[in-house]
$ cat my_file23.txt   # compact mmCIF, C-alpha atoms
# COMPACT_ATOMS: atom_id res chain seq x y z
CA VAL A 7 -1.42 -22.87 22.05
CA ALA A 8 -1.41 -19.46 20.40
CA VAL A 9 -4.48 -17.64 19.18
CA ARG A 10 -3.93 -15.52 16.08
CA GLY A 11 -5.04 -11.88 16.43
CA GLU A 12 -7.06 -10.97 13.34
CA ASN A 13 -9.21 -7.93 12.60
CA LEU A 14 -11.80 -7.35 15.29
CA VAL A 15 -15.02 -9.22 14.56
CA THR A 16 -18.20 -7.55 15.79
CA GLU A 17 -21.81 -8.67 15.70
CA GLN A 18 -22.01 -6.86 12.35
CA GLY A 19 -19.08 -8.68 10.75
CA CYS A 20 -15.39 -8.18 10.12
CA VAL A 21 -14.17 -4.59 10.10
CA SER A 22 -12.89 -3.44 6.69
CA MET A 23 -13.16 -0.58 4.18
CA ASP A 24 -15.89 -2.58 2.41
CA ALA A 25 -17.92 -3.05 5.58
CA PRO A 26 -21.56 -2.02 5.08
CA TYR A 27 -21.54 -0.05 8.34
CA ALA A 28 -19.48 2.63 10.05
CA ARG A 29 -18.94 3.81 13.60
CA GLU A 30 -20.99 6.90 12.70
CA GLY A 31 -23.10 8.22 9.85
CA TYR A 32 -24.98 11.32 8.79
CA GLU A 33 -27.61 10.83 11.50
CA ASP A 34 -24.91 10.93 14.18
CA PHE A 35 -22.92 13.80 12.70
CA PRO A 36 -24.66 15.79 9.92
CA LEU A 37 -22.32 17.04 7.20
CA GLU A 38 -22.80 19.54 4.38
CA ALA A 39 -21.73 17.21 1.59
CA LYS A 40 -23.16 14.87 -1.03
CA ALA A 41 -21.02 12.01 0.28
CA ALA A 42 -18.26 11.38 2.80
CA PHE A 43 -16.10 8.51 4.01
CA VAL A 44 -13.48 8.35 6.77
CA TYR A 45 -11.30 5.30 7.31
CA ASP A 46 -8.67 4.61 9.99
CA ILE A 47 -5.75 2.85 8.30
CA GLU A 48 -4.10 1.37 11.38
CA SER A 49 -7.20 -0.40 12.72
CA ASP A 50 -8.90 -1.06 9.34
CA THR A 51 -12.02 0.70 10.62
CA VAL A 52 -14.63 2.80 8.85
CA LEU A 53 -15.28 5.63 11.30
CA TYR A 54 -17.76 7.65 9.26
CA SER A 55 -19.78 7.23 6.09
CA HIS A 56 -22.47 9.25 4.39
CA ASN A 57 -23.77 8.00 1.03
CA PRO A 58 -20.46 6.11 0.62
CA ASP A 59 -21.49 4.19 -2.50
CA GLY A 60 -23.57 6.87 -4.19
CA GLN A 61 -22.36 8.08 -7.58
CA VAL A 62 -20.55 11.42 -7.36
CA TYR A 63 -18.33 13.42 -9.69
CA PRO A 64 -14.71 13.48 -8.51
CA ALA A 65 -13.54 16.65 -10.27
CA SER A 66 -9.76 17.06 -9.79
CA THR A 67 -9.47 14.40 -7.09
CA THR A 68 -9.32 12.25 -10.25
CA LYS A 69 -5.67 13.30 -10.49
CA LEU A 70 -4.77 11.03 -7.58
CA LEU A 71 -5.54 8.04 -9.79
CA THR A 72 -3.79 9.68 -12.75
CA ALA A 73 -0.64 10.02 -10.63
CA LEU A 74 -0.78 6.38 -9.50
CA VAL A 75 -1.11 5.16 -13.08
CA ALA A 76 1.69 7.44 -14.31
CA LEU A 77 4.05 6.08 -11.65
CA ASP A 78 3.03 2.51 -12.52
CA VAL A 79 3.90 2.88 -16.20
CA GLY A 80 6.61 5.55 -16.02
CA SER A 81 9.39 6.86 -13.82
CA PRO A 82 10.02 10.36 -12.42
CA GLU A 83 12.95 10.94 -14.82
CA ASP A 84 10.87 10.34 -17.97
CA GLN A 85 10.96 13.22 -20.47
CA LEU A 86 7.57 14.59 -21.58
CA VAL A 87 7.19 17.21 -24.33
CA MET A 88 4.19 19.54 -24.17
CA THR A 89 2.19 19.30 -27.36
CA GLN A 90 -0.63 21.25 -28.93
CA THR A 91 -2.76 18.11 -28.74
CA ALA A 92 -2.40 18.03 -24.96
CA LEU A 93 -3.14 21.76 -24.72
CA ASN A 94 -6.24 21.34 -26.88
CA ALA A 95 -7.51 18.56 -24.59
CA VAL A 96 -8.55 21.05 -21.90
CA SER A 97 -10.66 24.19 -22.09
CA GLU A 98 -9.03 27.61 -21.88
CA ASP A 99 -10.76 28.46 -18.58
CA ALA A 100 -9.64 25.24 -16.86
CA THR A 101 -7.07 25.38 -14.06
CA SER A 102 -3.61 25.27 -15.60
CA ALA A 103 0.01 24.69 -14.62
CA TRP A 104 0.94 26.85 -17.66
CA LEU A 105 3.16 24.24 -19.25
CA ARG A 106 4.71 25.68 -22.39
CA LEU A 107 4.20 24.34 -25.87
CA GLY A 108 7.26 22.46 -27.11
CA HIS A 109 9.04 22.47 -23.74
CA THR A 110 10.36 19.25 -22.20
CA TYR A 111 9.54 18.39 -18.59
CA THR A 112 10.33 15.41 -16.39
CA LEU A 113 7.41 13.36 -15.17
CA GLU A 114 8.27 14.56 -11.67
CA GLU A 115 7.81 18.19 -12.73
CA VAL A 116 4.56 17.38 -14.48
CA LEU A 117 3.26 15.56 -11.38
CA TYR A 118 3.98 18.63 -9.26
CA GLY A 119 2.21 20.78 -11.84
CA MET A 120 -0.80 18.46 -11.82
CA LEU A 121 -1.12 17.85 -8.08
CA LEU A 122 -0.21 21.23 -6.54
CA PRO A 123 -1.93 23.91 -8.68
CA SER A 124 -4.19 21.17 -10.15
CA GLY A 125 -3.00 21.76 -13.69
CA ASN A 126 -5.34 20.15 -16.19
CA ASP A 127 -2.76 20.70 -18.92
CA ALA A 128 -0.31 18.59 -16.89
CA ALA A 129 -2.87 15.78 -16.56
CA ALA A 130 -3.57 15.91 -20.31
CA LEU A 131 0.14 15.69 -21.07
CA ILE A 132 0.50 12.60 -18.86
CA ALA A 133 -2.48 10.98 -20.60
CA GLN A 134 -1.15 11.66 -24.08
CA HIS A 135 2.39 10.54 -23.26
CA TYR A 136 1.48 7.27 -21.53
CA GLY A 137 -1.90 6.44 -23.05
CA GLY A 138 -1.73 7.98 -26.51
CA SER A 139 -4.89 9.97 -25.71
CA SER A 140 -7.25 10.71 -22.85
CA ALA A 141 -9.38 7.72 -23.86
CA GLY A 142 -6.37 5.42 -24.02
CA PHE A 143 -5.12 6.55 -20.62
CA ALA A 144 -8.62 6.22 -19.15
CA GLU A 145 -8.45 2.50 -19.93
CA LEU A 146 -5.35 2.28 -17.74
CA MET A 147 -7.12 4.29 -15.03
CA ASN A 148 -10.14 2.00 -14.95
CA GLU A 149 -7.90 -1.07 -14.87
CA LYS A 150 -5.98 0.39 -11.92
CA ALA A 151 -9.20 1.33 -10.12
CA LYS A 152 -10.43 -2.26 -10.38
CA GLN A 153 -7.10 -3.51 -9.03
CA LEU A 154 -7.62 -1.25 -6.01
CA GLY A 155 -11.06 -2.71 -5.37
CA CYS A 156 -13.16 0.13 -6.78
CA THR A 157 -16.60 -1.11 -7.81
CA GLY A 158 -18.63 2.04 -8.45
CA SER A 159 -16.33 4.15 -10.61
CA ASN A 160 -15.76 4.96 -14.26
CA PHE A 161 -13.10 7.34 -15.54
CA VAL A 162 -13.01 8.84 -19.03
CA ASN A 163 -10.32 11.52 -18.64
CA PRO A 164 -7.19 12.15 -16.54
CA HIS A 165 -8.19 15.47 -14.96
CA GLY A 166 -11.82 15.26 -13.82
CA LEU A 167 -13.28 18.04 -15.95
CA HIS A 168 -16.98 17.28 -16.04
CA ASP A 169 -18.30 14.38 -18.07
CA SER A 170 -21.49 12.58 -17.08
CA ASP A 171 -19.73 9.25 -17.67
CA HIS A 172 -16.84 10.18 -15.36
CA TYR A 173 -17.79 9.32 -11.79
CA THR A 174 -16.74 7.59 -8.59
CA THR A 175 -17.93 7.01 -5.01
CA ALA A 176 -16.58 8.28 -1.71
CA ARG A 177 -15.59 4.72 -0.75
CA ASP A 178 -13.81 4.12 -4.06
CA LEU A 179 -11.92 7.41 -3.78
CA ALA A 180 -10.80 6.37 -0.29
CA LYS A 181 -9.34 3.20 -1.80
CA ILE A 182 -7.45 5.29 -4.34
CA LEU A 183 -6.27 7.60 -1.56
CA LEU A 184 -5.12 4.58 0.46
CA ALA A 185 -2.89 3.52 -2.44
CA CYS A 186 -1.48 7.05 -2.57
CA SER A 187 -0.77 6.98 1.17
CA GLN A 188 1.28 3.81 0.68
CA ASN A 189 3.45 5.46 -1.99
CA GLU A 190 6.14 7.48 -0.20
CA TYR A 191 7.23 9.30 -3.36
CA LEU A 192 3.71 10.41 -4.17
CA MET A 193 2.97 11.43 -0.59
CA ASN A 194 6.07 13.67 -0.62
CA ILE A 195 4.53 15.53 -3.56
CA LEU A 196 1.09 15.74 -1.94
CA ALA A 197 2.70 17.10 1.25
CA THR A 198 4.54 19.91 -0.59
CA PRO A 199 3.17 23.44 0.01
CA CYS A 200 4.94 24.91 -3.03
CA TYR A 201 7.29 23.79 -5.77
CA ARG A 202 9.75 26.18 -7.43
CA MET A 203 10.27 25.48 -11.12
CA SER A 204 12.55 28.49 -11.61
CA SER A 205 13.48 31.76 -9.93
CA THR A 206 10.14 33.25 -10.99
CA TRP A 207 7.91 30.21 -11.52
CA VAL A 208 6.31 28.69 -8.40
CA TRP A 209 3.42 26.26 -8.05
CA ASN A 210 1.44 26.58 -4.80
CA SER A 211 -0.66 23.73 -3.51
CA SER A 212 -4.42 24.12 -3.69
CA ASN A 213 -4.57 22.20 -0.38
CA MET A 214 -5.12 24.98 2.17
CA PHE A 215 -4.41 22.57 5.03
CA ILE A 216 -0.73 22.58 4.09
CA SER A 217 -0.32 25.81 2.06
CA ASP A 218 -0.70 29.36 3.38
CA HIS A 219 -0.47 31.19 0.05
CA VAL A 220 -4.17 32.17 0.21
CA MET A 221 -5.03 32.09 3.91
CA THR A 222 -3.45 30.81 7.12
CA THR A 223 -6.51 30.00 9.21
CA LEU A 224 -6.98 26.59 7.58
CA LEU A 225 -3.44 25.31 8.15
CA ASP A 226 -3.65 21.97 9.96
CA ASP A 227 -0.51 20.11 10.99
CA ARG A 228 -2.43 16.84 11.25
CA VAL A 229 -2.84 16.74 7.46
CA LEU A 230 -0.08 14.84 5.64
CA GLY A 231 -1.30 15.56 2.11
CA GLY A 232 -4.24 15.29 -0.23
CA LYS A 233 -6.03 16.65 -3.28
CA THR A 234 -8.78 19.16 -3.91
CA GLY A 235 -11.39 19.16 -6.65
CA TYR A 236 -14.11 21.44 -7.96
CA THR A 237 -16.54 21.72 -10.83
CA SER A 238 -20.02 23.19 -10.73
CA ALA A 239 -21.47 19.68 -11.17
CA ALA A 240 -19.21 18.01 -8.59
CA GLY A 241 -19.25 20.73 -5.95
CA ARG A 242 -16.21 21.13 -3.74
CA CYS A 243 -14.32 17.90 -3.06
CA LEU A 244 -11.38 17.04 -0.83
CA ALA A 245 -9.46 13.82 -0.12
CA VAL A 246 -6.76 14.01 2.56
CA VAL A 247 -4.56 11.80 4.71
CA SER A 248 -4.17 12.96 8.31
CA GLN A 249 -2.63 11.66 11.51
CA SER A 250 -3.06 12.36 15.19
CA GLY A 251 -1.34 10.13 17.70
CA SER A 252 -1.64 6.52 16.56
CA MET A 253 -4.69 7.17 14.38
CA LYS A 254 -4.14 7.77 10.65
CA LEU A 255 -7.28 8.74 8.77
CA LEU A 256 -8.26 8.84 5.13
CA SER A 257 -10.94 11.52 4.82
CA VAL A 258 -13.03 11.94 1.67
CA VAL A 259 -15.64 14.70 1.49
CA MET A 260 -17.46 15.14 -1.82
CA GLY A 261 -19.79 17.84 -3.07
CA THR A 262 -19.86 20.49 -0.37
CA PRO A 263 -21.82 23.58 -1.43
CA ARG A 264 -20.80 27.20 -1.43
CA ASP A 265 -22.14 28.85 1.71
CA GLY A 266 -23.11 32.08 -0.05
CA ILE A 267 -20.16 34.16 1.13
CA TRP A 268 -17.86 34.84 -1.81
CA TYR A 269 -14.50 34.21 -0.16
CA SER A 270 -15.17 31.77 2.65
CA GLY A 271 -17.65 29.94 0.42
CA MET A 272 -14.69 28.72 -1.62
CA PHE A 273 -13.41 26.61 1.29
CA THR A 274 -16.42 24.65 2.57
CA HIS A 275 -14.72 21.35 1.62
CA PHE A 276 -11.92 22.30 4.04
CA THR A 277 -14.14 23.52 6.87
CA GLU A 278 -16.40 20.46 6.69
CA THR A 279 -13.42 18.10 6.53
CA GLN A 280 -11.78 19.84 9.47
CA ARG A 281 -15.00 19.73 11.49
CA LEU A 282 -15.29 16.00 10.78
CA MET A 283 -11.63 15.32 11.67
CA ASP A 284 -11.96 17.30 14.92
CA HIS A 285 -15.00 15.27 15.90
CA LEU A 286 -13.51 11.85 15.10
CA TYR A 287 -10.10 12.51 16.66
CA ASP A 288 -11.80 13.91 19.77
CA THR A 289 -14.27 11.02 20.05
CA TYR A 290 -12.32 7.88 19.15
CA ALA A 291 -9.06 6.23 20.12
CA PRO A 292 -7.40 2.82 19.71
CA ILE A 293 -8.06 0.48 22.63
CA THR A 294 -6.11 -2.75 23.18
CA LEU A 295 -8.65 -5.50 23.77
CA VAL A 296 -6.29 -8.44 24.30
CA GLN A 297 -2.53 -8.23 24.74
CA PHE A 298 0.17 -10.43 23.30
CA GLY A 299 0.78 -13.41 25.60
CA GLU A 300 -2.41 -12.87 27.57
CA ALA A 301 -4.15 -16.05 28.64
CA THR A 302 -7.52 -16.35 26.95
CA GLN A 303 -10.52 -18.60 27.09
CA ALA A 304 -9.84 -22.34 26.85
CA LEU A 305 -11.18 -23.88 23.64
CA LEU A 306 -12.59 -27.40 23.29
CA ALA A 307 -10.94 -29.93 21.01
CA ASP A 308 -12.98 -31.86 18.44
CA ASP A 309 -13.71 -34.60 20.97
CA GLY A 310 -15.93 -32.09 22.79
CA LYS A 311 -14.25 -32.57 26.14
CA THR A 312 -10.51 -31.81 25.96
CA PRO A 313 -9.82 -28.17 26.93
CA ILE A 314 -7.06 -26.42 24.99
CA ALA A 315 -5.33 -23.62 26.91
CA THR A 316 -4.58 -20.61 24.71
CA VAL A 317 -2.74 -17.30 24.82
CA CYS A 318 -2.99 -14.41 22.39
CA ALA A 319 -0.35 -14.44 19.62
CA ALA A 320 -0.60 -10.67 18.94
CA ASP A 321 -2.20 -7.57 20.39
CA ILE A 322 -5.83 -7.21 19.31
CA SER A 323 -7.06 -3.63 19.27
CA ALA A 324 -9.97 -1.60 17.95
CA VAL A 325 -10.87 2.05 17.55
CA LEU A 326 -13.73 2.73 19.93
CA PRO A 327 -15.24 5.76 21.69
CA LYS A 328 -12.85 7.16 24.29
CA ASN A 329 -15.46 6.83 27.04
CA ILE A 330 -15.69 3.05 26.58
CA THR A 331 -14.13 1.04 29.42
CA GLN A 332 -12.91 -2.53 29.37
CA GLY A 333 -15.72 -3.42 31.74
CA GLN A 334 -18.28 -2.53 29.06
CA LEU A 335 -16.81 -4.97 26.54
CA LEU A 336 -17.87 -8.58 26.12
CA ARG A 337 -15.05 -10.83 24.92
CA THR A 338 -15.73 -14.21 23.33
CA PHE A 339 -13.18 -16.56 21.74
CA THR A 340 -13.93 -19.11 19.05
CA SER A 341 -11.71 -21.24 16.85
CA ALA A 342 -11.78 -20.74 13.10
CA LYS A 343 -12.04 -24.49 12.56
CA ASP A 344 -12.36 -27.68 14.60
CA LEU A 345 -9.39 -28.28 16.89
CA VAL A 346 -8.44 -31.79 15.82
CA LEU A 347 -6.33 -33.73 18.30
CA PRO A 348 -3.42 -34.07 18.68
CA ILE A 349 -2.50 -30.39 19.02
CA GLU A 350 1.10 -29.30 19.53
CA ALA A 351 2.19 -26.57 21.97
CA GLY A 352 2.75 -23.33 20.06
CA GLN A 353 0.38 -24.28 17.24
CA VAL A 354 -1.62 -21.32 15.94
CA VAL A 355 -5.32 -22.04 16.19

$ encode --input "my_file23.txt" --output "structure tokens"
Amino acid sequence: VAVRGENLVTEQGCVSMDAPYAREGYEDFPLEAKAAFVYDIESDTVLYSHNPDGQVYPASTTKLLTALVALDVGSPEDQLVMTQTALNAVSEDATSAWLRLGHTYTLEEVLYGMLLPSGNDAAALIAQHYGGSSAGFAELMNEKAKQLGCTGSNFVNPHGLHDSDHYTTARDLAKILLACSQNEYLMNILATPCYRMSSTWVWNSSNMFISDHVMTTLLDDRVLGGKTGYTSAAGRCLAVVSQSGSMKLLSVVMGTPRDGIWYSGMFTHFTETQRLMDHLYDTYAPITLVQFGEATQALLADDGKTPIATVCAADISAVLPKNITQGQLLRTFTSAKDLVLPIEAGQVV
């Protein structure tokens, strides 16, 4: 009889992004940030959390959700015309992709302009085109966030420029980032260091892990893509997808401060994220607990006396500290429900 391999169940419960615990927290690894959350996709394990459900301002990491909604309701070939209304929706000092009034762009071009240089004008254009206004598009954003399982967020604009009613949590942003990681088209954009619009017009990514247009010391080939964010109220924010070996992490770091040094102080969200990734990749690894076909503990049928021989129907693995050995693990096997006789060979129990 086969035993189905589900997510690892610990004494604390079933491992998932909504689990109330993590492998580590701020006490184990202090971080200069208002909130942080790191999740391993392959094992469905929360590796690190610090204030994961506390309300924080997302700044331009908001644009990850804007992109998801735009691709839900539109297609990359859609034609968008830059209007004065969209230009007026953002302040003059806000980060811009410098989209030109009256010019027509494809949604694909606008997405590059929004996600690489973090153009607020591009985000406003998307909102006006697909939602009629920022408020109309925000309704679509909040609906999408709920679909993704976000429970502590509220969005009122497509770009993340500060509004006290525009907020999220580190855990919710990780759920949004997970949806992005599952969208190959969107990840190709987020992984792009620069995008050439014309012979003289180039958008460079604000993600210093993949772009060297400002400095090369932060380049990190583990990082597959992500999005930056900054306002004075939000602090410096960063959400990235990275991979090393068989571990694929979603890392969200919100509200890192400036460190007082003019230039390097601009990149604390990168240095703290990199420090956290280094620690987690160095400390943890996937460990196979039970292998496919391995004989496991016999289970009792509902008569209380008939033993049912079982083997594992799939590999069961978990991300654990690298210094853990199999001898330190206690394995117990229970059935999800009473094993009612008769039971057929090959039946999944």

$ atom_distance --input "my_file23.txt" --atom1 "atom CA of A:Thr198" --atom2 "atom CA of A:Arg281"
23.0 Å

$ residues_around --input "my_file23.txt" --residues "stretch 97-105 of chain A" --least-positions-apart "6" --cutoff "6 Å" --atoms "only C-alpha atoms" --output "PyMOL selection string"
chain A and resi 119+125-127

$ write_last_selection --input "my_file23.txt" --atoms "C-alpha atoms" --output "short mmCIF file (atom, residue, chain, number, x, y, z; two decimals), keeping the file's coordinate frame"
data_model
loop_
_atom_site.label_atom_id
_atom_site.label_comp_id
_atom_site.auth_asym_id
_atom_site.auth_seq_id
_atom_site.Cartn_x
_atom_site.Cartn_y
_atom_site.Cartn_z
CA GLY A 119 2.21 20.78 -11.84
CA GLY A 125 -3.00 21.76 -13.69
CA ASN A 126 -5.34 20.15 -16.19
CA ASP A 127 -2.76 20.70 -18.92
#

$ atom_distance --input "my_file23.txt" --atom1 "atom CA of A:Val247" --atom2 "atom CA of A:Pro82"
22.5 Å

$ atom_distance --input "my_file23.txt" --atom1 "atom CA of A:Ser124" --atom2 "atom CA of A:Ala245"
13.5 Å

$ axis_aligned_box --input "my_file23.txt" --around "stretch 325-337 of chain A" --padding-each-side "4 Å" --output "lines of an AutoDock Vina configuration file"
center_x = -14.6
center_y = -1.8
center_z = 24.6
size_x = 15.4
size_y = 26.0
size_z = 22.2

$ residues_around --input "my_file23.txt" --residues "stretch 258-265 of chain A" --least-positions-apart "3" --cutoff "8 Å" --atoms "only C-alpha atoms" --output "ChimeraX atom specification"
/A:38-44,62,64,176,179-180,240-246,270-275,278-279

$ residues_around --input "my_file23.txt" --residues "stretch 216-230 of chain A" --least-positions-apart "2" --cutoff "7 Å" --atoms "all atoms listed in the file" --output "PyMOL selection string"
chain A and resi 197+199+210-211+213-214+246-250

$ closest_residue --input "my_file23.txt" --among "A:Thr112, A:Thr67, A:Gln332, A:Thr277" --to "A:Thr175" --atoms "all atoms listed in the file"
A:Thr67

$ closest_atom_pairs --input "my_file23.txt" --of "stretch 245-310 of chain A" --to "stretch 337-355 of chain A" --cutoff "7 Å" --atoms "only C-alpha atoms" --output "JSON lines"
{"residue": "A:Gln303", "atom": "CA", "partner": "A:Phe339", "partner_atom": "CA", "distance": 6.3}
{"residue": "A:Ala307", "atom": "CA", "partner": "A:Leu345", "partner_atom": "CA", "distance": 4.7}
{"residue": "A:Asp308", "atom": "CA", "partner": "A:Val346", "partner_atom": "CA", "distance": 5.2}

$ closest_residue --input "my_file23.txt" --among "A:Thr89, A:Asn163, A:Thr157, A:Thr206" --to "A:Phe143" --atoms "only C-alpha atoms"
A:Asn163

$ residues_around --input "my_file23.txt" --residues "A:Leu192" --least-positions-apart "2" --cutoff "10 Å" --atoms "all atoms listed in the file" --output "list in words"
Leu70, Ala73, Leu74, Leu77, Glu114, Leu117, Tyr118, Leu121, Ala185, Cys186, Ser187, Gln188, Asn189, Glu190, Asn194, Ile195, Leu196, Ala197 and Gly231 of chain A

$ residues_around --input "my_file23.txt" --residues "stretch 128-140 of chain A" --least-positions-apart "6" --cutoff "8 Å" --atoms "only C-alpha atoms" --output "PyMOL selection string"
chain A and resi 69+72+76+79-80+86-89+92-93+95-96+102-103+105+113+116-117+119-120+146+162-165

$ closest_residue --input "my_file23.txt" --among "A:Tyr63, A:Gln90, A:Tyr236, A:Ser204" --to "A:Tyr173" --atoms "all atoms listed in the file"
A:Tyr63

$ closest_residue --input "my_file23.txt" --among "A:Cys318, A:Leu295, A:Met147, A:Cys156" --to "A:Gln334" --atoms "all atoms listed in the file"
A:Leu295

$ decode --input "my_file23.txt" --residues "stretch 89-103 of chain A" --atoms "N, CA, C and O atoms" --output "CSV table (one decimal), in the first residue's frame"
chain,number,residue,atom,x,y,z
A,89,THR,N,-1.3,60.0,-22.2
A,89,THR,CA,-2.2,61.1,-22.1
A,89,THR,C,-1.7,62.1,-21.0
A,89,THR,O,-0.9,61.8,-20.1
A,90,GLN,N,-2.2,63.3,-21.1
A,90,GLN,CA,-1.9,64.3,-20.1
A,90,GLN,C,-2.5,63.9,-18.7
A,90,GLN,O,-1.9,64.2,-17.7
A,91,THR,N,-3.6,63.2,-18.8
A,91,THR,CA,-4.2,62.7,-17.5
A,91,THR,C,-3.3,61.8,-16.8
A,91,THR,O,-3.1,61.9,-15.6
A,92,ALA,N,-2.6,60.9,-17.5
A,92,ALA,CA,-1.7,59.9,-16.9
A,92,ALA,C,-0.5,60.7,-16.4
A,92,ALA,O,0.1,60.4,-15.3
A,93,LEU,N,0.0,61.7,-17.2
A,93,LEU,CA,1.2,62.4,-16.8
A,93,LEU,C,0.9,63.2,-15.5
A,93,LEU,O,1.7,63.4,-14.6
A,94,ASN,N,-0.4,63.8,-15.4
A,94,ASN,CA,-0.7,64.6,-14.3
A,94,ASN,C,-0.9,63.7,-13.0
A,94,ASN,O,-1.0,64.3,-11.9
A,95,ALA,N,-1.0,62.4,-13.2
A,95,ALA,CA,-1.3,61.5,-12.0
A,95,ALA,C,-0.1,61.3,-11.1
A,95,ALA,O,-0.2,60.8,-10.0
A,96,VAL,N,1.1,61.7,-11.6
A,96,VAL,CA,2.3,61.6,-10.8
A,96,VAL,C,3.0,62.9,-10.7
A,96,VAL,O,2.9,63.8,-11.5
A,97,SER,N,3.7,63.1,-9.6
A,97,SER,CA,4.4,64.4,-9.3
A,97,SER,C,5.6,64.5,-10.2
A,97,SER,O,6.2,63.5,-10.7
A,98,GLU,N,6.0,65.7,-10.4
A,98,GLU,CA,7.1,66.0,-11.4
A,98,GLU,C,8.4,65.4,-10.9
A,98,GLU,O,9.3,65.1,-11.7
A,99,ASP,N,8.6,65.3,-9.6
A,99,ASP,CA,9.9,64.8,-9.1
A,99,ASP,C,9.9,63.2,-8.9
A,99,ASP,O,10.9,62.7,-8.4
A,100,ALA,N,8.8,62.6,-9.3
A,100,ALA,CA,8.7,61.1,-9.2
A,100,ALA,C,9.6,60.5,-10.3
A,100,ALA,O,9.8,61.0,-11.4
A,101,THR,N,10.1,59.3,-10.0
A,101,THR,CA,10.8,58.5,-11.0
A,101,THR,C,10.0,58.3,-12.3
A,101,THR,O,8.9,57.9,-12.2
A,102,SER,N,10.6,58.5,-13.4
A,102,SER,CA,9.9,58.5,-14.7
A,102,SER,C,10.6,57.7,-15.7
A,102,SER,O,11.8,57.6,-15.7
A,103,ALA,N,9.8,57.1,-16.6
A,103,ALA,CA,10.3,56.4,-17.8
A,103,ALA,C,10.3,57.4,-19.0
A,103,ALA,O,10.8,57.0,-20.1
